[in-house]
$ cat query.txt   # compact mmCIF, C-alpha atoms
# COMPACT_ATOMS: atom_id res chain seq x y z
CA MET A 1 -19.45 9.42 5.46
CA ASN A 2 -21.06 8.67 2.11
CA THR A 3 -24.65 7.68 2.87
CA THR A 4 -25.36 6.27 -0.61
CA SER A 5 -22.70 3.56 -0.38
CA PRO A 6 -23.48 0.27 1.37
CA HIS A 7 -19.87 0.09 2.59
CA VAL A 8 -17.57 1.66 5.15
CA TRP A 9 -13.78 1.39 4.78
CA PRO A 10 -12.12 0.99 8.20
CA ALA A 11 -8.89 2.86 8.85
CA GLU A 12 -5.76 0.74 8.71
CA TRP A 13 -5.26 1.28 12.45
CA ALA A 14 -8.62 -0.34 13.24
CA ARG A 15 -8.50 -3.81 14.76
CA GLN A 16 -7.42 -6.38 12.17
CA ALA A 17 -8.40 -10.02 11.68
CA ALA A 18 -5.39 -10.84 9.50
CA THR A 19 -2.82 -9.69 6.96
CA TRP A 20 -2.60 -11.10 3.43
CA ILE A 21 0.79 -11.45 1.72
CA ALA A 22 1.87 -12.94 -1.62
CA TRP A 23 5.07 -15.01 -1.46
CA PRO A 24 7.83 -13.61 -3.72
CA HIS A 25 8.92 -15.75 -6.66
CA ASN A 26 9.30 -13.50 -9.71
CA LEU A 27 13.03 -13.09 -10.34
CA GLU A 28 12.36 -10.12 -12.65
CA THR A 29 10.93 -8.10 -9.77
CA TRP A 30 14.42 -7.90 -8.23
CA PRO A 31 16.74 -8.38 -11.25
CA GLY A 32 20.00 -9.98 -10.13
CA ARG A 33 19.15 -9.54 -6.45
CA PHE A 34 16.34 -11.98 -5.70
CA GLN A 35 18.51 -14.19 -3.49
CA SER A 36 18.03 -12.09 -0.33
CA ILE A 37 14.30 -11.43 -0.78
CA PRO A 38 12.75 -14.64 0.67
CA SER A 39 14.61 -13.97 3.94
CA VAL A 40 13.17 -10.42 4.00
CA TYR A 41 9.68 -11.90 3.68
CA VAL A 42 10.34 -14.46 6.42
CA ARG A 43 11.25 -11.61 8.82
CA PHE A 44 8.24 -9.58 7.67
CA ILE A 45 5.77 -12.46 8.02
CA SER A 46 7.24 -13.53 11.35
CA THR A 47 6.83 -10.00 12.72
CA LEU A 48 3.20 -9.84 11.62
CA ALA A 49 2.42 -13.37 12.82
CA SER A 50 3.53 -12.41 16.33
CA VAL A 51 0.49 -10.08 16.58
CA GLN A 52 -2.15 -11.52 14.21
CA PRO A 53 -2.86 -14.28 11.67
CA VAL A 54 -1.08 -14.06 8.32
CA HIS A 55 -2.43 -15.55 5.10
CA VAL A 56 0.17 -16.22 2.41
CA LEU A 57 -0.54 -16.80 -1.28
CA SER A 58 1.91 -19.50 -2.36
CA GLY A 59 2.43 -18.11 -5.85
CA GLY A 60 1.89 -21.48 -7.51
CA PRO A 61 3.69 -24.82 -7.75
CA ALA A 62 6.74 -23.37 -9.51
CA ALA A 63 7.44 -20.75 -6.82
CA SER A 64 10.96 -21.19 -5.51
CA PRO A 65 11.89 -21.38 -2.74
CA PRO A 66 8.42 -22.67 -1.79
CA ALA A 67 6.66 -20.67 0.90
CA ALA A 68 5.84 -23.82 2.88
CA SER A 69 9.51 -24.72 3.40
CA ARG A 70 10.51 -21.23 4.56
CA LEU A 71 7.49 -20.56 6.77
CA ALA A 72 6.96 -24.02 8.32
CA ASN A 73 8.24 -23.01 11.76
CA ILE A 74 6.21 -19.80 12.10
CA ALA A 75 2.95 -20.09 14.03
CA ASN A 76 -0.17 -18.15 12.98
CA VAL A 77 0.58 -18.51 9.24
CA THR A 78 -1.77 -20.13 6.71
CA ILE A 79 -0.54 -20.83 3.18
CA HIS A 80 -3.07 -20.82 0.34
CA GLU A 81 -2.31 -22.48 -2.99
CA ILE A 82 -3.14 -19.43 -5.08
CA PRO A 83 -0.95 -18.68 -8.13
CA THR A 84 0.35 -15.14 -8.72
CA ASP A 85 2.54 -13.29 -11.19
CA ASP A 86 4.09 -10.92 -8.66
CA THR A 87 4.18 -10.10 -4.98
CA TRP A 88 2.47 -6.68 -4.65
CA ILE A 89 -0.83 -7.85 -3.18
CA ARG A 90 -1.73 -4.36 -1.93
CA ASP A 91 -2.36 -3.47 -5.55
CA TYR A 92 -4.15 -6.52 -6.94
CA GLY A 93 -5.68 -8.04 -3.82
CA PRO A 94 -9.13 -6.99 -2.59
CA THR A 95 -9.59 -3.77 -0.63
CA PHE A 96 -11.52 -5.02 2.39
CA VAL A 97 -14.49 -2.94 3.55
CA LYS A 98 -17.46 -3.68 5.81
CA ARG A 99 -21.13 -3.65 4.94
CA LYS A 100 -22.92 -0.93 6.90
CA SER A 101 -26.07 -2.98 7.42
CA ASP A 102 -24.54 -5.97 9.18
CA LYS A 103 -20.76 -5.24 9.50
CA GLU A 104 -20.01 -8.24 7.25
CA LEU A 105 -16.71 -8.28 5.36
CA VAL A 106 -16.71 -7.32 1.66
CA GLY A 107 -13.73 -7.41 -0.71
CA ILE A 108 -13.59 -4.75 -3.42
CA ASP A 109 -12.19 -6.39 -6.57
CA TRP A 110 -10.78 -3.55 -8.69
CA LYS A 111 -9.72 -4.28 -12.24
CA PHE A 112 -5.95 -4.77 -12.48
CA ASN A 113 -3.60 -4.42 -15.46
CA ALA A 114 -0.15 -4.26 -13.81
CA TRP A 115 0.13 -0.50 -13.34
CA GLY A 116 -1.11 0.40 -16.79
CA GLY A 117 0.17 -2.65 -18.65
CA LYS A 118 3.81 -2.24 -17.59
CA TYR A 119 4.55 -5.85 -16.57
CA PRO A 120 2.80 -8.59 -18.54
CA PRO A 121 1.69 -11.24 -17.92
CA PHE A 122 -0.62 -10.21 -15.08
CA ASP A 123 -3.65 -12.47 -15.50
CA LEU A 124 -2.92 -14.47 -12.35
CA ASP A 125 -2.64 -11.30 -10.26
CA ALA A 126 -5.84 -9.96 -11.85
CA ALA A 127 -7.66 -13.12 -10.73
CA ALA A 128 -6.20 -13.20 -7.19
CA ALA A 129 -8.74 -10.90 -5.52
CA GLU A 130 -11.58 -13.31 -6.32
CA ALA A 131 -9.58 -16.22 -4.88
CA VAL A 132 -8.72 -14.25 -1.72
CA CYS A 133 -12.37 -13.29 -1.18
CA ARG A 134 -13.30 -16.96 -1.50
CA LYS A 135 -10.66 -18.00 1.05
CA ALA A 136 -11.69 -15.16 3.39
CA GLY A 137 -15.32 -16.25 3.06
CA CYS A 138 -16.50 -12.78 2.16
CA THR A 139 -18.73 -11.16 -0.44
CA ARG A 140 -16.92 -9.79 -3.50
CA SER A 141 -17.87 -6.41 -4.95
CA MET A 142 -16.61 -6.11 -8.52
CA SER A 143 -15.57 -2.70 -9.78
CA SER A 144 -15.42 -1.65 -13.42
CA MET A 145 -12.51 0.70 -12.66
CA TYR A 146 -8.80 -0.06 -12.95
CA CYS A 147 -7.31 0.78 -9.57
CA GLU A 148 -4.54 -0.45 -7.28
CA GLY A 149 -4.80 -0.56 -3.51
CA GLY A 150 -1.61 1.48 -3.13
CA ALA A 151 -3.39 4.36 -4.88
CA LEU A 152 -5.89 4.67 -2.01
CA GLU A 153 -5.43 6.09 1.49
CA GLY A 154 -8.34 6.51 3.91
CA ASP A 155 -8.90 7.77 7.45
CA GLY A 156 -11.83 5.47 8.30
CA GLN A 157 -14.08 8.52 8.61
CA GLY A 158 -14.84 9.12 4.93
CA THR A 159 -11.78 11.05 3.72
CA LEU A 160 -9.69 9.60 0.88
CA LEU A 161 -6.29 10.66 -0.51
CA THR A 162 -5.27 9.67 -4.04
CA THR A 163 -3.51 10.99 -7.18
CA SER A 164 -4.66 11.87 -10.69
CA SER A 165 -1.40 10.61 -12.18
CA CYS A 166 -2.46 7.10 -11.23
CA LEU A 167 -6.25 6.82 -11.38
CA LEU A 168 -6.72 9.19 -14.32
CA SER A 169 -3.84 7.80 -16.36
CA PRO A 170 -4.83 6.90 -19.94
CA THR A 171 -3.39 3.38 -19.50
CA ARG A 172 -5.86 2.60 -16.70
CA ASN A 173 -9.17 4.35 -17.20
CA PRO A 174 -9.31 5.97 -20.65
CA GLY A 175 -12.50 7.95 -21.13
CA TRP A 176 -13.18 8.22 -17.41
CA SER A 177 -13.65 11.74 -16.07
CA ARG A 178 -12.54 12.76 -12.59
CA GLU A 179 -16.20 12.81 -11.58
CA MET A 180 -16.71 9.21 -12.78
CA VAL A 181 -13.64 8.05 -10.83
CA GLU A 182 -14.82 9.89 -7.71
CA ASP A 183 -18.30 8.38 -8.00
CA GLU A 184 -16.87 4.86 -8.16
CA LEU A 185 -14.54 5.46 -5.20
CA LYS A 186 -17.46 6.81 -3.17
CA ARG A 187 -19.73 3.92 -4.19
CA GLN A 188 -17.24 1.19 -3.33
CA LEU A 189 -15.46 2.66 -0.29
CA GLY A 190 -18.16 4.78 1.31
CA VAL A 191 -15.95 7.89 1.29
CA SER A 192 -17.34 11.36 0.69
CA VAL A 193 -14.30 13.67 0.59
CA ILE A 194 -11.53 12.97 -1.94
CA VAL A 195 -8.27 14.93 -1.83
CA TRP A 196 -6.21 14.75 -5.03
CA VAL A 197 -2.56 15.00 -3.98
CA ASP A 198 -1.12 16.02 -7.34
CA GLY A 199 2.08 17.89 -6.47
CA GLY A 200 4.53 15.23 -7.62
CA GLY A 201 5.84 11.73 -7.08
CA LEU A 202 9.10 9.88 -6.49
CA ALA A 203 11.86 9.38 -9.04
CA GLY A 204 12.17 5.65 -9.79
CA ASP A 205 8.52 4.93 -8.94
CA ASP A 206 6.74 2.74 -11.51
CA THR A 207 3.18 3.15 -10.20
CA ASP A 208 2.49 6.63 -11.62
CA GLY A 209 2.36 8.06 -8.13
CA HIS A 210 0.81 5.74 -5.55
CA ILE A 211 -0.34 7.70 -2.53
CA ASP A 212 1.05 5.12 -0.07
CA GLN A 213 4.54 6.37 -0.93
CA LEU A 214 3.58 10.05 -0.65
CA ALA A 215 1.09 10.69 2.15
CA ARG A 216 -0.55 8.53 4.83
CA PHE A 217 -3.03 9.06 7.63
CA VAL A 218 -1.78 8.17 11.11
CA ALA A 219 -4.98 9.31 12.86
CA PRO A 220 -8.19 11.07 11.82
CA GLY A 221 -7.18 14.46 10.45
CA VAL A 222 -3.44 13.78 10.80
CA VAL A 223 -1.30 13.05 7.72
CA VAL A 224 2.40 12.38 7.29
CA ALA A 225 3.76 13.52 3.93
CA ALA A 226 7.03 12.56 2.28
CA VAL A 227 9.44 15.45 1.76
CA SER A 228 12.97 15.37 0.44
CA SER A 229 15.86 15.61 2.91
CA ASN A 230 18.05 16.87 0.04
CA ILE A 231 17.34 20.23 -1.67
CA ASN A 232 19.02 19.00 -4.86
CA ASP A 233 16.82 15.89 -5.06
CA PRO A 234 14.60 15.95 -8.21
CA ASN A 235 11.73 14.95 -5.88
CA HIS A 236 12.15 18.06 -3.72
CA ASP A 237 9.77 20.55 -5.33
CA GLY A 238 6.97 18.10 -6.15
CA LEU A 239 6.88 16.69 -2.62
CA LEU A 240 6.66 20.20 -1.19
CA ARG A 241 3.73 20.89 -3.52
CA ASN A 242 2.03 17.80 -2.04
CA VAL A 243 2.48 19.25 1.44
CA ARG A 244 0.92 22.55 0.34
CA ILE A 245 -2.06 20.77 -1.25
CA LEU A 246 -2.63 18.74 1.92
CA ARG A 247 -2.36 21.79 4.19
CA GLN A 248 -5.00 23.54 2.09
CA SER A 249 -7.34 20.52 2.30
CA LYS A 250 -10.04 19.58 4.80
CA ASP A 251 -11.28 16.24 6.04
CA VAL A 252 -14.84 14.92 6.09
CA ALA A 253 -15.51 16.88 9.29
CA GLY A 254 -14.54 20.12 7.52
CA GLN A 255 -11.37 20.47 9.58
CA PRO A 256 -8.00 21.38 8.00
CA LEU A 257 -5.62 18.43 7.79
CA GLN A 258 -2.71 18.46 10.21
CA VAL A 259 0.31 17.65 8.03
CA VAL A 260 3.63 16.39 9.43
CA GLU A 261 6.64 16.20 7.12
CA LEU A 262 8.40 12.82 6.89
CA PRO A 263 11.83 13.28 5.23
CA THR A 264 12.92 10.64 2.71
CA PRO A 265 16.48 9.29 2.55
CA PRO A 266 18.93 11.01 0.18
CA PRO A 267 18.81 9.70 -3.41
CA ARG A 268 20.10 6.13 -3.68
CA PHE A 269 20.80 4.07 -6.77
CA ILE A 270 21.01 0.30 -7.28
CA ASP A 271 22.72 -0.86 -10.47
CA GLY A 272 22.48 2.71 -11.73
CA LYS A 273 18.73 3.07 -11.13
CA ARG A 274 17.07 5.33 -8.57
CA VAL A 275 15.00 3.48 -5.98
CA PRO A 276 11.82 5.16 -4.62
CA GLU A 277 12.57 5.14 -0.90
CA SER A 278 9.89 6.57 1.38
CA TYR A 279 9.04 5.98 5.01
CA CYS A 280 5.37 6.49 4.12
CA ASN A 281 5.26 2.81 3.14
CA PHE A 282 4.75 1.79 6.78
CA LEU A 283 2.13 -0.76 7.79
CA PHE A 284 -0.29 -0.84 10.73
CA ALA A 285 -0.96 -4.19 12.42
CA ASN A 286 -2.45 -4.98 15.83
CA GLY A 287 -0.42 -3.06 18.41
CA ILE A 288 2.49 -2.31 16.06
CA VAL A 289 3.58 -0.22 13.08
CA ILE A 290 6.14 -1.78 10.74
CA VAL A 291 8.37 0.96 9.34
CA PRO A 292 10.73 0.39 6.41
CA THR A 293 14.34 1.45 6.92
CA PHE A 294 16.88 1.98 4.17
CA GLY A 295 20.32 1.88 5.76
CA ASN A 296 20.62 5.65 6.26
CA SER A 297 21.05 6.03 10.00
CA GLU A 298 20.08 9.72 10.09
CA THR A 299 16.81 9.58 8.16
CA ASP A 300 15.90 6.10 9.48
CA LYS A 301 16.19 7.39 13.04
CA ALA A 302 14.25 10.58 12.26
CA ALA A 303 11.38 8.65 10.63
CA ILE A 304 11.11 6.24 13.56
CA GLU A 305 11.04 9.13 16.03
CA ILE A 306 8.41 11.09 14.06
CA LEU A 307 6.10 8.09 13.72
CA ALA A 308 6.60 7.07 17.35
CA SER A 309 5.58 10.56 18.48
CA LEU A 310 2.45 10.52 16.29
CA ILE A 311 1.41 6.92 17.12
CA PRO A 312 2.36 6.62 20.82
CA ALA A 313 -0.04 3.74 21.58
CA ARG A 314 1.80 1.33 19.28
CA THR A 315 5.24 -0.22 19.14
CA ILE A 316 7.27 0.99 16.16
CA VAL A 317 9.01 -1.99 14.53
CA PRO A 318 11.77 -0.98 12.06
CA LEU A 319 12.42 -3.55 9.30
CA ASP A 320 15.21 -3.31 6.74
CA SER A 321 13.79 -2.59 3.28
CA SER A 322 17.04 -1.66 1.55
CA GLU A 323 16.95 -4.81 -0.63
CA LEU A 324 13.15 -5.08 -0.93
CA ILE A 325 12.95 -1.57 -2.43
CA TRP A 326 14.90 -2.77 -5.49
CA GLY A 327 11.53 -4.26 -6.46
CA LEU A 328 10.20 -0.66 -6.30
CA GLY A 329 7.92 -1.33 -3.33
CA SER A 330 8.09 -1.90 0.40
CA PHE A 331 6.07 -3.45 3.24
CA HIS A 332 2.79 -1.63 2.68
CA CYS A 333 2.86 -2.52 -1.03
CA ALA A 334 3.55 -6.16 -0.10
CA SER A 335 0.55 -6.61 2.20
CA GLN A 336 -3.20 -6.11 2.55
CA GLN A 337 -5.01 -5.87 5.87
CA GLN A 338 -8.28 -7.62 6.62
CA PRO A 339 -10.28 -5.69 9.23
CA ALA A 340 -11.75 -7.51 12.23

$ encode --input "query.txt" --output "structure tokens"
Amino acid sequence: MNTTSPHVWPAEWARQAATWIAWPHNLETWPGRFQSIPSVYVRFISTLASVQPVHVLSGGPAASPPAASRLANIANVTIHEIPTDDTWIRDYGPTFVKRKSDKELVGIDWKFNAWGGKYPPFDLDAAAAEAVCRKAGCTRSMSSMYCEGGALEGDGQGTLLTTSSCLLSPTRNPGWSREMVEDELKRQLGVSVIVWVDGGGLAGDDTDGHIDQLARFVAPGVVVAAVSSNINDPNHDGLLRNVRILRQSKDVAGQPLQVVELPTPPPRFIDGKRVPESYCNFLFANGIVIVPTFGNSETDKAAIEILASLIPARTIVPLDSSELIWGLGSFHCASQQQPA
């Protein structure tokens, strides 16, 4: 653990106080296919609300259909009148940590520019972390670094996984060296070992290689890594390079990482465009793990079985993400956990 940072970043499997979600309303996120998305969110929010409180950002007065009308009958849900541009709160919401001295909640407010300026306008999303911290009643720690929550994966012990293609991209942090980025990650998150998983990303991904689609911790020292189930997939070689990097890496305790391969579905296209399907976009909540499925019975079943074997103390809850992924993200991207 980094002793110079005032913070500790709990693992996602630690006890949670709540989940934060931003209600979908941007038609351009799912061009021509938005109609089914509110129902996906209702199922998602209902599943989470059965195990813990859910806080929903309304998106603003013009959001349609309004969150309040679709979520009125679900207990354990609080709607906050916070405007947003888009739904991917993992990336623009605060990364919640705890202060070492008194265990109080702190929200890290990274700078946000819509994945390197890809989707303007993004000023509402860039302001959302401050509003969430205010609603959560927690201290806000402002960072000078452009970073999205989906680019960060921690084990709760001080080990962090990330990618250079994202955090060192010239559209996010021009002039920042790797050392400067590492220093800021260590200062804000309290991590001390950073593993750069730079083998390759997913075709169709618009984040420049978010780690939460590529490799995730399921326990201290244990990582699942996306691999291609199809040798002719353009993702195949890069994902295998990720596995090799991870197997050559050690955690904060100096132990080699145990790496379990998590095969992705075969390539799938919507309206002629590849969608970045990965089972790594699962989400821990109290007592459960929500796992995205993509309508491929063989790889869906394999992913559920692999994760169930690695996380035996929790119920695996498969949720259909075959329409959600047209927005180029899934359930982990669409949520942010608040530790207890």

$ residues_around --input "query.txt" --residues "A:Val97" --least-positions-apart "2" --cutoff "12 Å" --atoms "all atoms listed in the file" --output "ChimeraX atom specification"
/A:5-12,14,16,94-95,99-100,102-109,133,138-141,154,156,187-191,336-340

$ closest_residue --input "query.txt" --among "A:Gly209, A:Val197, A:Leu319, A:Ala285" --to "A:Ala17" --atoms "all atoms listed in the file"
A:Ala285

$ closest_atom_pairs --input "query.txt" --of "stretch 125-212 of chain A" --to "stretch 218-236 of chain A" --cutoff "8 Å" --atoms "only C-alpha atoms" --output "JSON lines"
{"residue": "A:Asp155", "atom": "CA", "partner": "A:Pro220", "partner_atom": "CA", "distance": 5.5}
{"residue": "A:Gly156", "atom": "CA", "partner": "A:Pro220", "partner_atom": "CA", "distance": 7.5}
{"residue": "A:Gln157", "atom": "CA", "partner": "A:Pro220", "partner_atom": "CA", "distance": 7.2}
{"residue": "A:Gly200", "atom": "CA", "partner": "A:Asn235", "partner_atom": "CA", "distance": 7.4}
{"residue": "A:Gly201", "atom": "CA", "partner": "A:Asn235", "partner_atom": "CA", "distance": 6.8}
{"residue": "A:Leu202", "atom": "CA", "partner": "A:Asn235", "partner_atom": "CA", "distance": 5.7}
{"residue": "A:Ala203", "atom": "CA", "partner": "A:Asn235", "partner_atom": "CA", "distance": 6.4}

$ write_last_selection --input "query.txt" --atoms "C-alpha atoms" --output "short mmCIF file (atom, residue, chain, number, x, y, z; two decimals), in the frame of the given file"
data_model
loop_
_atom_site.label_atom_id
_atom_site.label_comp_id
_atom_site.auth_asym_id
_atom_site.auth_seq_id
_atom_site.Cartn_x
_atom_site.Cartn_y
_atom_site.Cartn_z
CA ASP A 155 -8.90 7.77 7.45
CA GLY A 156 -11.83 5.47 8.30
CA GLN A 157 -14.08 8.52 8.61
CA GLY A 200 4.53 15.23 -7.62
CA GLY A 201 5.84 11.73 -7.08
CA LEU A 202 9.10 9.88 -6.49
CA ALA A 203 11.86 9.38 -9.04
#

$ residues_near_point --input "query.txt" --point "(-3.7, -12.7, -15.1)" --cutoff "12 Å" --atoms "only C-alpha atoms" --output "list in words"
Pro83, Thr84, Asp85, Asp86, Tyr92, Lys111, Phe112, Asn113, Ala114, Gly117, Tyr119, Pro120, Pro121, Phe122, Asp123, Leu124, Asp125, Ala126, Ala127, Ala128, Ala129 and Glu130 of chain A

$ write_last_selection --input "query.txt" --atoms "C-alpha atoms" --output "PDB file, in the coordinates of the input"
ATOM      1  CA  PRO A  83      -0.950 -18.680  -8.130  1.00  0.00           C
ATOM      2  CA  THR A  84       0.350 -15.140  -8.720  1.00  0.00           C
ATOM      3  CA  ASP A  85       2.540 -13.290 -11.190  1.00  0.00           C
ATOM      4  CA  ASP A  86       4.090 -10.920  -8.660  1.00  0.00           C
ATOM      5  CA  TYR A  92      -4.150  -6.520  -6.940  1.00  0.00           C
ATOM      6  CA  LYS A 111      -9.720  -4.280 -12.240  1.00  0.00           C
ATOM      7  CA  PHE A 112      -5.950  -4.770 -12.480  1.00  0.00           C
ATOM      8  CA  ASN A 113      -3.600  -4.420 -15.460  1.00  0.00           C
ATOM      9  CA  ALA A 114      -0.150  -4.260 -13.810  1.00  0.00           C
ATOM     10  CA  GLY A 117       0.170  -2.650 -18.650  1.00  0.00           C
ATOM     11  CA  TYR A 119       4.550  -5.850 -16.570  1.00  0.00           C
ATOM     12  CA  PRO A 120       2.800  -8.590 -18.540  1.00  0.00           C
ATOM     13  CA  PRO A 121       1.690 -11.240 -17.920  1.00  0.00           C
ATOM     14  CA  PHE A 122      -0.620 -10.210 -15.080  1.00  0.00           C
ATOM     15  CA  ASP A 123      -3.650 -12.470 -15.500  1.00  0.00           C
ATOM     16  CA  LEU A 124      -2.920 -14.470 -12.350  1.00  0.00           C
ATOM     17  CA  ASP A 125      -2.640 -11.300 -10.260  1.00  0.00           C
ATOM     18  CA  ALA A 126      -5.840  -9.960 -11.850  1.00  0.00           C
ATOM     19  CA  ALA A 127      -7.660 -13.120 -10.730  1.00  0.00           C
ATOM     20  CA  ALA A 128      -6.200 -13.200  -7.190  1.00  0.00           C
ATOM     21  CA  ALA A 129      -8.740 -10.900  -5.520  1.00  0.00           C
ATOM     22  CA  GLU A 130     -11.580 -13.310  -6.320  1.00  0.00           C
TER      23      GLU A 130
END

$ residues_around --input "query.txt" --residues "stretch 62-75 of chain A" --least-positions-apart "4" --cutoff "10 Å" --atoms "only C-alpha atoms" --output "short mmCIF file (atom, residue, chain, number, x, y, z; two decimals) with C-alpha atoms, in the frame of the given file"
data_model
loop_
_atom_site.label_atom_id
_atom_site.label_comp_id
_atom_site.auth_asym_id
_atom_site.auth_seq_id
_atom_site.Cartn_x
_atom_site.Cartn_y
_atom_site.Cartn_z
CA ALA A 22 1.87 -12.94 -1.62
CA TRP A 23 5.07 -15.01 -1.46
CA PRO A 24 7.83 -13.61 -3.72
CA HIS A 25 8.92 -15.75 -6.66
CA ASN A 26 9.30 -13.50 -9.71
CA LEU A 27 13.03 -13.09 -10.34
CA GLN A 35 18.51 -14.19 -3.49
CA PRO A 38 12.75 -14.64 0.67
CA SER A 39 14.61 -13.97 3.94
CA TYR A 41 9.68 -11.90 3.68
CA VAL A 42 10.34 -14.46 6.42
CA ARG A 43 11.25 -11.61 8.82
CA ILE A 45 5.77 -12.46 8.02
CA SER A 46 7.24 -13.53 11.35
CA THR A 47 6.83 -10.00 12.72
CA ALA A 49 2.42 -13.37 12.82
CA SER A 50 3.53 -12.41 16.33
CA GLN A 52 -2.15 -11.52 14.21
CA PRO A 53 -2.86 -14.28 11.67
CA VAL A 54 -1.08 -14.06 8.32
CA VAL A 56 0.17 -16.22 2.41
CA LEU A 57 -0.54 -16.80 -1.28
CA SER A 58 1.91 -19.50 -2.36
CA ILE A 79 -0.54 -20.83 3.18
CA HIS A 80 -3.07 -20.82 0.34
CA GLU A 81 -2.31 -22.48 -2.99
CA PRO A 83 -0.95 -18.68 -8.13
CA THR A 84 0.35 -15.14 -8.72
CA ASP A 85 2.54 -13.29 -11.19
#

$ residues_near_point --input "query.txt" --point "(-1.8, 10.2, -14.5)" --cutoff "12 Å" --atoms "only C-alpha atoms" --output "number ranges by chain"
A: 115-116, 147, 151, 162-174, 176, 178, 196-201, 206-210

$ atom_distance --input "query.txt" --atom1 "atom CA of A:Arg268" --atom2 "atom CA of A:Glu298"
14.2 Å

$ closest_residue --input "query.txt" --among "A:Ser278, A:Ser101, A:Thr159, A:Thr29" --to "A:Gln213" --atoms "all atoms listed in the file"
A:Ser278

$ residues_around --input "query.txt" --residues "A:Pro31" --least-positions-apart "3" --cutoff "12 Å" --atoms "all atoms listed in the file" --output "JSON, numbers by chain"
{"A": [25, 26, 27, 28, 34, 35, 36, 37, 270, 271, 273, 323, 324, 325, 326, 327, 328]}

$ atom_distance --input "query.txt" --atom1 "atom CA of A:Ile245" --atom2 "atom CA of A:Ile194"
12.3 Å

$ build_atoms --input "query.txt" --residues "stretch 222-226 of chain A" --atoms "all heavy atoms" --output "CSV table (one decimal), in the frame of the given file"
chain,number,residue,atom,x,y,z
A,222,VAL,N,-4.9,13.6,10.7
A,222,VAL,CA,-3.4,13.8,10.8
A,222,VAL,C,-2.8,13.0,9.7
A,222,VAL,O,-2.9,11.8,9.6
A,222,VAL,CB,-2.9,13.3,12.2
A,222,VAL,CG1,-1.4,13.6,12.3
A,222,VAL,CG2,-3.7,14.0,13.3
A,223,VAL,N,-1.9,13.7,8.9
A,223,VAL,CA,-1.3,13.0,7.7
A,223,VAL,C,0.2,13.2,7.8
A,223,VAL,O,0.7,14.3,8.2
A,223,VAL,CB,-1.8,13.7,6.4
A,223,VAL,CG1,-1.1,13.1,5.2
A,223,VAL,CG2,-3.3,13.5,6.3
A,224,VAL,N,1.0,12.2,7.5
A,224,VAL,CA,2.4,12.4,7.3
A,224,VAL,C,2.6,12.4,5.8
A,224,VAL,O,2.0,11.7,5.0
A,224,VAL,CB,3.3,11.3,7.9
A,224,VAL,CG1,3.3,11.4,9.4
A,224,VAL,CG2,2.8,9.9,7.5
A,225,ALA,N,3.5,13.3,5.4
A,225,ALA,CA,3.8,13.5,3.9
A,225,ALA,C,5.3,13.5,3.7
A,225,ALA,O,6.1,14.1,4.4
A,225,ALA,CB,3.2,14.9,3.5
A,226,ALA,N,5.6,12.7,2.7
A,226,ALA,CA,7.0,12.6,2.3
A,226,ALA,C,7.6,13.9,1.8
A,226,ALA,O,6.9,14.6,1.0
A,226,ALA,CB,7.2,11.5,1.2
